[in-house]
$ cat entry02.pdb   # PDB, C-alpha atoms
MODEL        1
ATOM      1  CA  MET Z   1     148.069  96.985  18.406
ATOM      2  CA  SER Z   2     144.758  95.253  17.753
ATOM      3  CA  VAL Z   3     142.522  93.979  20.552
ATOM      4  CA  ILE Z   4     139.564  91.587  20.560
ATOM      5  CA  ARG Z   5     136.582  92.374  22.746
ATOM      6  CA  LYS Z   6     133.297  90.603  23.460
ATOM      7  CA  ASN Z   7     129.947  92.367  23.182
ATOM      8  CA  LEU Z   8     127.972  90.909  26.083
ATOM      9  CA  ILE Z   9     124.591  92.043  24.769
ATOM     10  CA  THR Z  10     124.906  90.536  21.260
ATOM     11  CA  ASN Z  11     127.394  87.747  22.140
ATOM     12  CA  ASP Z  12     129.647  88.847  19.246
ATOM     13  CA  TRP Z  13     133.433  89.084  19.186
ATOM     14  CA  VAL Z  14     134.868  92.297  17.714
ATOM     15  CA  ILE Z  15     138.420  92.819  16.444
ATOM     16  CA  PHE Z  16     139.522  96.420  16.953
ATOM     17  CA  ALA Z  17     142.236  97.135  14.396
ATOM     18  CA  PRO Z  18     143.030 100.866  14.046
ATOM     19  CA  ASN Z  19     145.819 100.043  11.571
ATOM     20  CA  ARG Z  20     143.107  99.074   9.062
ATOM     21  CA  LEU Z  21     142.404 102.764   8.511
ATOM     22  CA  ALA Z  22     145.775 103.098   6.760
ATOM     23  CA  ARG Z  23     145.345 100.187   4.335
ATOM     24  CA  PRO Z  24     145.626 100.984   0.605
ATOM     25  CA  LYS Z  25     142.360 101.288  -1.315
ATOM     26  CA  GLU Z  26     142.448 100.580  -5.023
ATOM     27  CA  LEU Z  27     138.691 100.036  -5.324
ATOM     28  CA  LYS Z  28     136.943 103.237  -4.322
ATOM     29  CA  ALA Z  29     133.330 104.285  -4.559
ATOM     30  CA  LYS Z  30     132.724 107.856  -5.644
ATOM     31  CA  GLU Z  31     131.787 109.588  -2.421
ATOM     32  CA  GLN Z  32     129.545 112.643  -2.307
ATOM     33  CA  ASP Z  33     129.452 115.274   0.397
ATOM     34  CA  ASN Z  34     126.282 114.250   2.229
ATOM     35  CA  ILE Z  35     125.833 117.655   3.847
ATOM     36  CA  ALA Z  36     126.081 119.369   0.459
ATOM     37  CA  VAL Z  37     123.686 116.833  -1.068
ATOM     38  CA  LEU Z  38     121.113 117.537   1.649
ATOM     39  CA  ALA Z  39     121.594 121.309   1.373
ATOM     40  CA  ALA Z  40     120.887 121.124  -2.371
ATOM     41  CA  ARG Z  41     117.697 119.134  -1.855
ATOM     42  CA  PRO Z  42     114.437 121.139  -2.145
ATOM     43  CA  ALA Z  43     112.029 121.448   0.777
ATOM     44  CA  HIS Z  44     109.279 120.078  -1.462
ATOM     45  CA  LYS Z  45     109.329 117.834  -4.516
ATOM     46  CA  ALA Z  46     106.408 117.601  -6.903
ATOM     47  CA  ASP Z  47     107.000 113.893  -7.537
ATOM     48  CA  CYS Z  48     107.685 112.812  -3.943
ATOM     49  CA  PRO Z  49     104.867 110.589  -2.607
ATOM     50  CA  PHE Z  50     105.557 111.769   0.956
ATOM     51  CA  CYS Z  51     105.563 115.550   0.407
ATOM     52  CA  PRO Z  52     102.525 117.637   1.474
ATOM     53  CA  GLY Z  53     100.104 118.179  -1.383
ATOM     54  CA  ASN Z  54     100.974 114.824  -2.965
ATOM     55  CA  GLU Z  55      98.686 112.795  -0.713
ATOM     56  CA  LYS Z  56      96.420 110.312  -2.479
ATOM     57  CA  PRO Z  57      93.083 108.748  -1.424
ATOM     58  CA  GLU Z  58      94.622 105.283  -1.759
ATOM     59  CA  ASP Z  59      97.470 106.034   0.669
ATOM     60  CA  GLY Z  60      95.991 103.876   3.419
ATOM     61  CA  VAL Z  61      96.316 106.477   6.180
ATOM     62  CA  VAL Z  62      96.574 104.978   9.656
ATOM     63  CA  PHE Z  63      96.612 108.324  11.462
ATOM     64  CA  THR Z  64      97.887 111.861  11.067
ATOM     65  CA  ILE Z  65      99.208 114.287  13.668
ATOM     66  CA  GLY Z  66      98.193 117.767  12.544
ATOM     67  CA  GLU Z  67      95.233 118.792  10.452
ATOM     68  CA  GLY Z  68      94.769 118.687   6.680
ATOM     69  CA  GLY Z  69      97.683 120.083   4.715
ATOM     70  CA  ASN Z  70      99.398 121.196   7.924
ATOM     71  CA  TRP Z  71     100.194 117.714   9.176
ATOM     72  CA  ARG Z  72     103.361 117.138  11.213
ATOM     73  CA  VAL Z  73     103.612 113.330  11.033
ATOM     74  CA  ARG Z  74     101.675 110.906   8.814
ATOM     75  CA  VAL Z  75     101.475 107.155   9.372
ATOM     76  CA  ILE Z  76     100.434 105.149   6.319
ATOM     77  CA  GLU Z  77     100.317 101.519   5.279
ATOM     78  CA  ASN Z  78     103.422 100.566   3.299
ATOM     79  CA  LYS Z  79     102.319 100.355  -0.330
ATOM     80  CA  PHE Z  80     105.043  97.772  -0.973
ATOM     81  CA  ALA Z  81     104.723  95.845   2.290
ATOM     82  CA  SER Z  82     106.624  92.582   2.582
ATOM     83  CA  VAL Z  83     103.872  91.096   4.771
ATOM     84  CA  GLU Z  84     100.057  91.089   4.600
ATOM     85  CA  ARG Z  85      97.884  92.378   7.427
ATOM     86  CA  ASN Z  86      94.710  90.635   6.293
ATOM     87  CA  VAL Z  87      95.828  87.002   6.412
ATOM     88  CA  GLU Z  88      96.005  84.501   9.242
ATOM     89  CA  PRO Z  89      99.517  83.180  10.082
ATOM     90  CA  HIS Z  90      98.579  79.532   9.622
ATOM     91  CA  LYS Z  91     101.499  77.232  10.408
ATOM     92  CA  ARG Z  92     102.759  74.332   8.308
ATOM     93  CA  PHE Z  93     105.511  72.866  10.462
ATOM     94  CA  THR Z  94     107.260  69.567   9.925
ATOM     95  CA  HIS Z  95     110.536  68.294  11.350
ATOM     96  CA  PHE Z  96     112.684  69.858   8.609
ATOM     97  CA  ARG Z  97     110.367  72.503   7.149
ATOM     98  CA  LYS Z  98     108.681  75.344   8.985
ATOM     99  CA  GLU Z  99     106.399  77.700   7.094
ATOM    100  CA  LEU Z 100     103.524  80.031   7.904
ATOM    101  CA  ASP Z 101     101.408  82.399   5.861
ATOM    102  CA  GLY Z 102     102.934  85.843   5.538
ATOM    103  CA  PHE Z 103     100.878  87.778   8.056
ATOM    104  CA  GLY Z 104     102.275  91.039   9.360
ATOM    105  CA  ILE Z 105     101.797  94.776   9.691
ATOM    106  CA  HIS Z 106     104.153  97.063   7.786
ATOM    107  CA  ASP Z 107     103.607 100.814   8.103
ATOM    108  CA  VAL Z 108     105.564 103.944   7.232
ATOM    109  CA  PHE Z 109     106.002 107.066   9.356
ATOM    110  CA  ILE Z 110     106.476 110.200   7.249
ATOM    111  CA  ASP Z 111     108.643 111.897   9.849
ATOM    112  CA  ASN Z 112     108.234 115.507   8.785
ATOM    113  CA  PRO Z 113     106.594 117.569   6.011
ATOM    114  CA  LEU Z 114     109.994 118.881   4.833
ATOM    115  CA  HIS Z 115     111.684 116.863   2.104
ATOM    116  CA  ASN Z 116     115.144 118.208   2.940
ATOM    117  CA  THR Z 117     115.424 117.633   6.668
ATOM    118  CA  THR Z 118     116.812 114.950   8.959
ATOM    119  CA  LEU Z 119     116.735 114.281  12.706
ATOM    120  CA  ALA Z 120     119.812 116.456  13.251
ATOM    121  CA  LEU Z 121     118.101 119.461  11.638
ATOM    122  CA  MET Z 122     114.615 118.999  13.057
ATOM    123  CA  PRO Z 123     113.678 121.117  16.093
ATOM    124  CA  VAL Z 124     113.298 119.064  19.251
ATOM    125  CA  GLU Z 125     109.543 119.794  19.215
ATOM    126  CA  ASP Z 126     109.210 117.982  15.880
ATOM    127  CA  ILE Z 127     111.252 115.034  17.155
ATOM    128  CA  THR Z 128     108.972 114.895  20.208
ATOM    129  CA  THR Z 129     105.955 114.699  17.897
ATOM    130  CA  LEU Z 130     107.625 111.871  15.992
ATOM    131  CA  MET Z 131     108.421 109.968  19.216
ATOM    132  CA  ARG Z 132     104.763 110.296  20.249
ATOM    133  CA  ALA Z 133     103.705 108.907  16.871
ATOM    134  CA  TYR Z 134     106.152 106.003  17.281
ATOM    135  CA  HIS Z 135     104.768 105.197  20.714
ATOM    136  CA  ARG Z 136     101.124 105.462  19.681
ATOM    137  CA  ARG Z 137     101.541 103.204  16.646
ATOM    138  CA  TYR Z 138     103.740 100.776  18.591
ATOM    139  CA  LEU Z 139     100.933 100.273  21.119
ATOM    140  CA  GLU Z 140      98.356  99.903  18.331
ATOM    141  CA  VAL Z 141     100.428  97.270  16.523
ATOM    142  CA  LEU Z 142     100.948  95.323  19.756
ATOM    143  CA  SER Z 143      97.198  95.306  20.373
ATOM    144  CA  ASN Z 144      96.850  92.845  17.472
ATOM    145  CA  GLU Z 145      96.831  89.407  19.124
ATOM    146  CA  ARG Z 146      98.547  87.829  16.099
ATOM    147  CA  VAL Z 147     101.609  90.093  16.538
ATOM    148  CA  LYS Z 148     104.353  88.420  18.579
ATOM    149  CA  HIS Z 149     107.006  91.085  18.033
ATOM    150  CA  ALA Z 150     107.122  94.681  16.782
ATOM    151  CA  VAL Z 151     110.152  96.484  15.353
ATOM    152  CA  LEU Z 152     110.579 100.252  14.954
ATOM    153  CA  PHE Z 153     113.426 101.267  12.679
ATOM    154  CA  LYS Z 154     114.806 103.843  10.265
ATOM    155  CA  ASN Z 155     116.944 103.403   7.145
ATOM    156  CA  GLN Z 156     118.353 106.762   6.060
ATOM    157  CA  GLY Z 157     120.387 106.896   2.878
ATOM    158  CA  ILE Z 158     121.251 104.377   0.209
ATOM    159  CA  LYS Z 159     124.040 102.747   2.266
ATOM    160  CA  ALA Z 160     121.472 102.060   4.973
ATOM    161  CA  GLY Z 161     118.988 100.486   2.572
ATOM    162  CA  GLY Z 162     116.860 103.605   2.134
ATOM    163  CA  SER Z 163     114.969 103.980  -1.143
ATOM    164  CA  LEU Z 164     113.366 107.437  -0.785
ATOM    165  CA  GLU Z 165     114.908 110.802   0.135
ATOM    166  CA  HIS Z 166     112.015 112.123   2.216
ATOM    167  CA  PRO Z 167     112.656 111.424   5.933
ATOM    168  CA  HIS Z 168     110.632 108.411   7.009
ATOM    169  CA  SER Z 169     110.684 105.511   9.457
ATOM    170  CA  GLN Z 170     108.973 102.136   9.546
ATOM    171  CA  ILE Z 171     107.315  99.662  11.873
ATOM    172  CA  TYR Z 172     106.738  95.943  11.481
ATOM    173  CA  GLY Z 173     104.334  93.790  13.454
ATOM    174  CA  LEU Z 174     105.440  90.171  13.077
ATOM    175  CA  PRO Z 175     104.046  86.738  13.963
ATOM    176  CA  VAL Z 176     107.543  85.529  14.905
ATOM    177  CA  VAL Z 177     110.404  86.793  17.075
ATOM    178  CA  PRO Z 178     113.524  87.535  14.947
ATOM    179  CA  PHE Z 179     116.797  85.738  15.659
ATOM    180  CA  GLU Z 180     118.720  88.854  16.754
ATOM    181  CA  ILE Z 181     116.262  89.803  19.478
ATOM    182  CA  ASN Z 182     116.233  86.184  20.647
ATOM    183  CA  VAL Z 183     120.018  86.360  21.049
ATOM    184  CA  ARG Z 184     119.738  89.518  23.149
ATOM    185  CA  MET Z 185     116.971  87.989  25.249
ATOM    186  CA  ARG Z 186     119.035  84.860  25.861
ATOM    187  CA  GLU Z 187     122.195  86.750  26.835
ATOM    188  CA  MET Z 188     120.351  89.121  29.186
ATOM    189  CA  GLU Z 189     118.423  86.258  30.753
ATOM    190  CA  ARG Z 190     121.611  84.236  31.275
ATOM    191  CA  TYR Z 191     123.257  87.184  33.047
ATOM    192  CA  PHE Z 192     120.164  87.731  35.193
ATOM    193  CA  GLU Z 193     120.179  84.103  36.287
ATOM    194  CA  THR Z 194     123.855  84.180  37.318
ATOM    195  CA  ASP Z 195     124.196  87.752  38.638
ATOM    196  CA  ASP Z 196     120.622  88.438  39.751
ATOM    197  CA  ASN Z 197     120.564  91.779  37.972
ATOM    198  CA  CYS Z 198     119.927  93.387  34.605
ATOM    199  CA  LEU Z 199     122.933  93.238  32.253
ATOM    200  CA  MET Z 200     122.136  96.542  30.547
ATOM    201  CA  CYS Z 201     121.590  98.293  33.895
ATOM    202  CA  ASP Z 202     125.008  97.117  35.077
ATOM    203  CA  ILE Z 203     126.683  98.104  31.779
ATOM    204  CA  MET Z 204     125.029 101.527  31.882
ATOM    205  CA  ARG Z 205     126.133 102.176  35.465
ATOM    206  CA  ASP Z 206     129.679 101.196  34.556
ATOM    207  CA  GLU Z 207     129.694 103.504  31.519
ATOM    208  CA  LEU Z 208     128.334 106.409  33.571
ATOM    209  CA  THR Z 209     131.119 105.827  36.091
ATOM    210  CA  GLN Z 210     133.972 105.430  33.600
ATOM    211  CA  LYS Z 211     132.690 108.099  31.144
ATOM    212  CA  GLU Z 212     135.231 106.980  28.485
ATOM    213  CA  ARG Z 213     132.534 105.924  26.050
ATOM    214  CA  LEU Z 214     129.828 108.356  27.181
ATOM    215  CA  ILE Z 215     128.318 110.672  24.548
ATOM    216  CA  TYR Z 216     125.353 112.381  26.218
ATOM    217  CA  GLU Z 217     122.944 111.963  29.094
ATOM    218  CA  ASN Z 218     119.867 113.710  30.438
ATOM    219  CA  THR Z 219     117.472 112.838  33.245
ATOM    220  CA  SER Z 220     115.965 109.773  31.556
ATOM    221  CA  PHE Z 221     118.397 108.588  28.871
ATOM    222  CA  VAL Z 222     122.082 107.996  28.300
ATOM    223  CA  SER Z 223     123.933 107.487  25.026
ATOM    224  CA  PHE Z 224     127.278 105.709  24.814
ATOM    225  CA  MET Z 225     129.456 103.499  22.631
ATOM    226  CA  SER Z 226     129.480  99.954  23.893
ATOM    227  CA  TYR Z 227     132.778  98.456  25.050
ATOM    228  CA  ALA Z 228     132.710  96.265  21.935
ATOM    229  CA  ASP Z 229     130.686  98.188  19.341
ATOM    230  CA  LEU Z 230     130.234  96.151  16.174
ATOM    231  CA  SER Z 231     131.095  98.928  13.706
ATOM    232  CA  PRO Z 232     132.562 102.457  13.779
ATOM    233  CA  TYR Z 233     130.435 104.865  15.816
ATOM    234  CA  HIS Z 234     127.783 102.220  16.483
ATOM    235  CA  LEU Z 235     126.132 103.625  19.597
ATOM    236  CA  TRP Z 236     123.290 102.907  22.005
ATOM    237  CA  ILE Z 237     120.587 105.129  23.469
ATOM    238  CA  VAL Z 238     119.446 103.550  26.739
ATOM    239  CA  PRO Z 239     116.668 104.533  29.147
ATOM    240  CA  LYS Z 240     117.937 104.933  32.700
ATOM    241  CA  LYS Z 241     114.747 103.475  34.105
ATOM    242  CA  HIS Z 242     114.709  99.690  33.799
ATOM    243  CA  ASN Z 243     111.911  98.430  31.582
ATOM    244  CA  HIS Z 244     111.543  95.632  29.074
ATOM    245  CA  SER Z 245     109.533  97.563  26.489
ATOM    246  CA  PHE Z 246     109.275 100.892  24.693
ATOM    247  CA  ALA Z 247     105.529 100.444  25.242
ATOM    248  CA  LYS Z 248     106.043 101.441  28.886
ATOM    249  CA  VAL Z 249     107.553 104.907  28.355
ATOM    250  CA  THR Z 250     105.873 107.927  29.924
ATOM    251  CA  GLU Z 251     105.152 111.271  28.303
ATOM    252  CA  GLN Z 252     108.067 112.831  30.199
ATOM    253  CA  GLU Z 253     110.384 110.085  28.972
ATOM    254  CA  LEU Z 254     109.276 110.743  25.374
ATOM    255  CA  LEU Z 255     110.295 114.388  25.860
ATOM    256  CA  GLU Z 256     113.677 113.307  27.220
ATOM    257  CA  LEU Z 257     114.106 110.769  24.403
ATOM    258  CA  ALA Z 258     113.496 113.502  21.823
ATOM    259  CA  ASP Z 259     116.145 115.651  23.505
ATOM    260  CA  CYS Z 260     118.659 112.788  23.482
ATOM    261  CA  MET Z 261     117.916 111.952  19.837
ATOM    262  CA  LYS Z 262     118.369 115.600  18.848
ATOM    263  CA  VAL Z 263     121.761 115.877  20.529
ATOM    264  CA  VAL Z 264     123.119 112.501  19.406
ATOM    265  CA  PHE Z 265     122.061 112.829  15.777
ATOM    266  CA  SER Z 266     123.272 116.446  15.610
ATOM    267  CA  LYS Z 267     126.697 115.379  16.842
ATOM    268  CA  MET Z 268     126.732 112.498  14.365
ATOM    269  CA  PHE Z 269     125.637 114.830  11.548
ATOM    270  CA  HIS Z 270     128.526 117.250  12.099
ATOM    271  CA  ALA Z 271     131.274 114.857  13.200
ATOM    272  CA  LEU Z 272     130.624 112.234  10.502
ATOM    273  CA  HIS Z 273     129.341 114.602   7.829
ATOM    274  CA  ASN Z 274     125.702 113.493   7.712
ATOM    275  CA  PRO Z 275     126.300 109.748   7.339
ATOM    276  CA  ASP Z 276     123.732 107.273   6.104
ATOM    277  CA  PHE Z 277     122.476 105.392   9.145
ATOM    278  CA  ASN Z 278     120.067 102.869  10.588
ATOM    279  CA  PHE Z 279     118.476 102.788  13.979
ATOM    280  CA  VAL Z 280     116.459  99.999  15.585
ATOM    281  CA  PHE Z 281     114.384  99.936  18.754
ATOM    282  CA  GLN Z 282     115.403  96.738  20.574
ATOM    283  CA  SER Z 283     112.329  96.102  22.692
ATOM    284  CA  LEU Z 284     110.114  93.288  23.918
ATOM    285  CA  THR Z 285     106.310  93.262  23.737
ATOM    286  CA  HIS Z 286     103.239  92.698  25.890
ATOM    287  CA  HIS Z 287     103.766  88.959  25.452
ATOM    288  CA  ASP Z 288     106.961  89.316  27.496
ATOM    289  CA  GLU Z 289     105.353  91.081  30.459
ATOM    290  CA  GLY Z 290     107.411  90.294  33.526
ATOM    291  CA  ALA Z 291     110.644  89.688  31.598
ATOM    292  CA  GLU Z 292     112.608  91.661  34.177
ATOM    293  CA  TYR Z 293     115.933  90.513  32.733
ATOM    294  CA  PHE Z 294     115.470  92.592  29.531
ATOM    295  CA  HIS Z 295     116.177  96.308  29.169
ATOM    296  CA  TRP Z 296     114.962  97.998  25.979
ATOM    297  CA  TYR Z 297     117.302 100.328  24.060
ATOM    298  CA  ILE Z 298     117.980 101.867  20.643
ATOM    299  CA  SER Z 299     120.870 100.794  18.405
ATOM    300  CA  VAL Z 300     122.177 103.534  16.094
ATOM    301  CA  ILE Z 301     124.448 102.363  13.270
ATOM    302  CA  PRO Z 302     126.165 104.944  11.017
ATOM    303  CA  GLN Z 303     126.961 103.247   7.714
ATOM    304  CA  ILE Z 304     130.573 104.286   7.263
ATOM    305  CA  LYS Z 305     132.179 100.851   6.906
ATOM    306  CA  ILE Z 306     131.107  98.053   4.566
ATOM    307  CA  LYS Z 307     130.986  94.575   6.115
ATOM    308  CA  GLY Z 308     133.614  92.163   4.835
ATOM    309  CA  GLY Z 309     133.849  88.420   4.488
ATOM    310  CA  ILE Z 310     135.010  87.795   8.052
ATOM    311  CA  SER Z 311     131.706  89.216   9.339
ATOM    312  CA  TYR Z 312     129.618  87.040   7.053
ATOM    313  CA  ALA Z 313     131.830  84.035   7.816
ATOM    314  CA  GLY Z 314     130.651  83.752  11.373
ATOM    315  CA  GLY Z 315     129.646  87.015  13.009
ATOM    316  CA  LEU Z 316     133.180  88.171  13.791
ATOM    317  CA  TYR Z 317     133.370  91.930  13.292
ATOM    318  CA  VAL Z 318     136.359  94.126  12.468
ATOM    319  CA  ASN Z 319     136.163  97.723  13.677
ATOM    320  CA  PRO Z 320     138.995 100.141  12.803
ATOM    321  CA  VAL Z 321     137.864 102.781  15.349
ATOM    322  CA  MET Z 322     138.228 102.223  19.085
ATOM    323  CA  PRO Z 323     134.935 103.018  20.868
ATOM    324  CA  GLU Z 324     136.735 105.329  23.302
ATOM    325  CA  ASP Z 325     138.019 107.413  20.365
ATOM    326  CA  ALA Z 326     134.635 107.409  18.631
ATOM    327  CA  ALA Z 327     132.845 108.522  21.794
ATOM    328  CA  LYS Z 328     135.384 111.294  22.395
ATOM    329  CA  THR Z 329     134.878 112.583  18.855
ATOM    330  CA  LEU Z 330     131.107 112.767  19.219
ATOM    331  CA  ARG Z 331     131.182 114.021  22.800
ATOM    332  CA  GLU Z 332     133.449 116.918  21.869
ATOM    333  CA  THR Z 333     131.562 117.829  18.675
ATOM    334  CA  ALA Z 334     129.861 121.170  19.145
ATOM    335  CA  ILE Z 335     126.269 121.516  17.957
ATOM    336  CA  SER Z 336     123.998 124.488  17.477
ATOM    337  CA  ASN Z 337     121.118 125.292  19.819
ATOM    338  CA  LYS Z 338     118.338 122.730  19.982
TER
ENDMDL
END
$ encode --input "entry02.pdb" --output "structure tokens"
Amino acid sequence: MSVIRKNLITNDWVIFAPNRLARPKELKAKEQDNIAVLAARPAHKADCPFCPGNEKPEDGVVFTIGEGGNWRVRVIENKFASVERNVEPHKRFTHFRKELDGFGIHDVFIDNPLHNTTLALMPVEDITTLMRAYHRRYLEVLSNERVKHAVLFKNQGIKAGGSLEHPHSQIYGLPVVPFEINVRMREMERYFETDDNCLMCDIMRDELTQKERLIYENTSFVSFMSYADLSPYHLWIVPKKHNHSFAKVTEQELLELADCMKVVFSKMFHALHNPDFNFVFQSLTHHDEGAEYFHWYISVIPQIKIKGGISYAGGLYVNPVMPEDAAKTLRETAISNK
């Protein structure tokens, strides 16, 4: 039997319809074994712009962790940025038309020197280094007074919108606040006004009590499927300590975040056979200091189901996998030592 649930964070309705898994499929894409594809990939490619030894003077290096050819993470300006860091965001607003010059910061993190790795295969020490790079660049981007919002994200694989094999992540600094984060802000603020508490804190406590949708927890972070996840295996990584921004994390929390990322992505790698995925840091900025109603978190979206017309028709999602079943699958998936 199908059920319809409401996601209180995103304000979306989700139809859970397990029977959809059995529907006939006449149109089929040729699927490859993603684990085999990764295993066949070389550790270094001569024509990869992100591989060690292929660095160029015009790369626009922001900073590097590690010296010379032994770097561990590189942060560079995106050569094909969709915004321009050297313009002023002048506004041209009228009643029906709102436009501003395309200011923004768009950088790339080269996550690791190895061409054939992914978060699930990286040692936790390397993930820790990457989390430190994220945090450092996040703070630097927010220091620009023209930046009103910053977004950290990763698109891995063609289904997730990735264009290059080498593991990399991205950050945007924007002069506007995107619609989706505004929705989350509004819903959390509404709950805070009526219940005098943080919505995500209350959800997290409930999930830790029920444990049905729990995947992993350590001292500082917990990962779980939401009660109404928007797509199969769409999960959250949530800091236990209430804070509105990733900017506020401590060094110890970065260590714990790396541990949580290692476990969650390893489980996802094995249980879902190395799926293409996106993740997004849902976080406010220095401009929102004092926004005690918001609780930052990370959305992780494995790309194993293509959106259909009902989703585009009005934000109504259809998920063929119950979140309790998805969480159980990941929770019980054995992984190798970290």
$ residues_around --input "entry02.pdb" --residues "region 103-110 of chain Z" --least-positions-apart "4" --cutoff "7 Å" --atoms "all atoms listed in the file" --output "number ranges by chain"
Z: 50, 73-78, 81, 83-85, 87-89, 167-175
$ resolve_selection --input "entry02.pdb" --expression "the PyMOL selection byres ((chain Z and resi 270-278) around 10)" --output "VMD selection string"
chain Z and resid 33 to 38 118 120 153 to 162 169 233 to 234 265 to 269 279 to 280 299 to 304 326 329 to 335
$ atom_distance --input "entry02.pdb" --atom1 "CA of Pro49 (chain Z)" --atom2 "CA of Asp111 (chain Z)"
13.1 Å
$ residues_around --input "entry02.pdb" --residues "region 177-193 of chain Z" --least-positions-apart "6" --cutoff "8 Å" --atoms "all atoms listed in the file" --output "PyMOL selection string"
chain Z and resi 8-11+148-149+199-200+282+293-294
$ closest_residue --input "entry02.pdb" --among "Z:Ile15, Z:Ala43, Z:Val124, Z:Leu284" --to "Leu152 (chain Z)" --atoms "all atoms listed in the file"
Z:Leu284
$ closest_residue --input "entry02.pdb" --among "Z:Lys98, Z:His287, Z:Asp195, Z:Ile215" --to "Glu145 (chain Z)" --atoms "all atoms listed in the file"
Z:His287
$ resolve_selection --input "entry02.pdb" --expression "the PyMOL selection byres ((chain Z and resi 203) around 12)" --output "PyMOL selection string"
chain Z and resi 7-9+188+191+197-202+204-211+213-214+222-228+236+238+240+295
$ closest_residue --input "entry02.pdb" --among "Z:Ile127, Z:Ser82, Z:Leu114, Z:Arg92" --to "Gly53 (chain Z)" --atoms "only C-alpha atoms"
Z:Leu114
$ closest_residue --input "entry02.pdb" --among "Z:Ile298, Z:Leu255, Z:Val147, Z:Val176" --to "Leu100 (chain Z)" --atoms "all atoms listed in the file"
Z:Val176
$ atom_distance --input "entry02.pdb" --atom1 "CA of His135 (chain Z)" --atom2 "CA of Ala247 (chain Z)"
6.6 Å
$ resolve_selection --input "entry02.pdb" --expression "the PyMOL selection byres ((chain Z and resi 65-67) around 12)" --output "compact mmCIF listing (two decimals) with C-alpha atoms, in the frame of the given file"
# COMPACT_ATOMS: atom_id res chain seq x y z
CA PRO Z 52 102.52 117.64 1.47
CA VAL Z 61 96.32 106.48 6.18
CA VAL Z 62 96.57 104.98 9.66
CA PHE Z 63 96.61 108.32 11.46
CA THR Z 64 97.89 111.86 11.07
CA GLY Z 68 94.77 118.69 6.68
CA GLY Z 69 97.68 120.08 4.72
CA ASN Z 70 99.40 121.20 7.92
CA TRP Z 71 100.19 117.71 9.18
CA ARG Z 72 103.36 117.14 11.21
CA VAL Z 73 103.61 113.33 11.03
CA ARG Z 74 101.68 110.91 8.81
CA VAL Z 75 101.48 107.16 9.37
CA ILE Z 76 100.43 105.15 6.32
CA PHE Z 109 106.00 107.07 9.36
CA ILE Z 110 106.48 110.20 7.25
CA ASP Z 111 108.64 111.90 9.85
CA ASN Z 112 108.23 115.51 8.78
CA PRO Z 113 106.59 117.57 6.01
CA ASP Z 126 109.21 117.98 15.88
CA THR Z 128 108.97 114.90 20.21
CA THR Z 129 105.96 114.70 17.90
CA LEU Z 130 107.62 111.87 15.99
CA MET Z 131 108.42 109.97 19.22
CA ARG Z 132 104.76 110.30 20.25
CA ALA Z 133 103.70 108.91 16.87
CA TYR Z 134 106.15 106.00 17.28
CA ARG Z 136 101.12 105.46 19.68
CA ARG Z 137 101.54 103.20 16.65
$ residues_near_point --input "entry02.pdb" --point "(111.7, 118.8, -3.1)" --cutoff "10 Å" --atoms "all atoms listed in the file" --output "ChimeraX atom specification"
/Z:40-48,51,114-116,165-166
$ axis_aligned_box --input "entry02.pdb" --around "region 192-201 of chain Z" --padding-each-side "6 Å" --output "AutoDock Vina command-line options"
--center_x 122.1 --center_y 91.2 --center_z 35.1 --size_x 16.3 --size_y 26.2 --size_z 21.2
$ closest_residue --input "entry02.pdb" --among "Z:His90, Z:Pro123, Z:Glu99, Z:Asn243" --to "His286 (chain Z)" --atoms "only C-alpha atoms"
Z:Asn243
$ closest_residue --input "entry02.pdb" --among "Z:Glu256, Z:Lys6, Z:Tyr216, Z:Asn86" --to "Gly102 (chain Z)" --atoms "all atoms listed in the file"
Z:Asn86
$ atom_distance --input "entry02.pdb" --atom1 "CA of Phe93 (chain Z)" --atom2 "CA of Asp288 (chain Z)"
23.7 Å
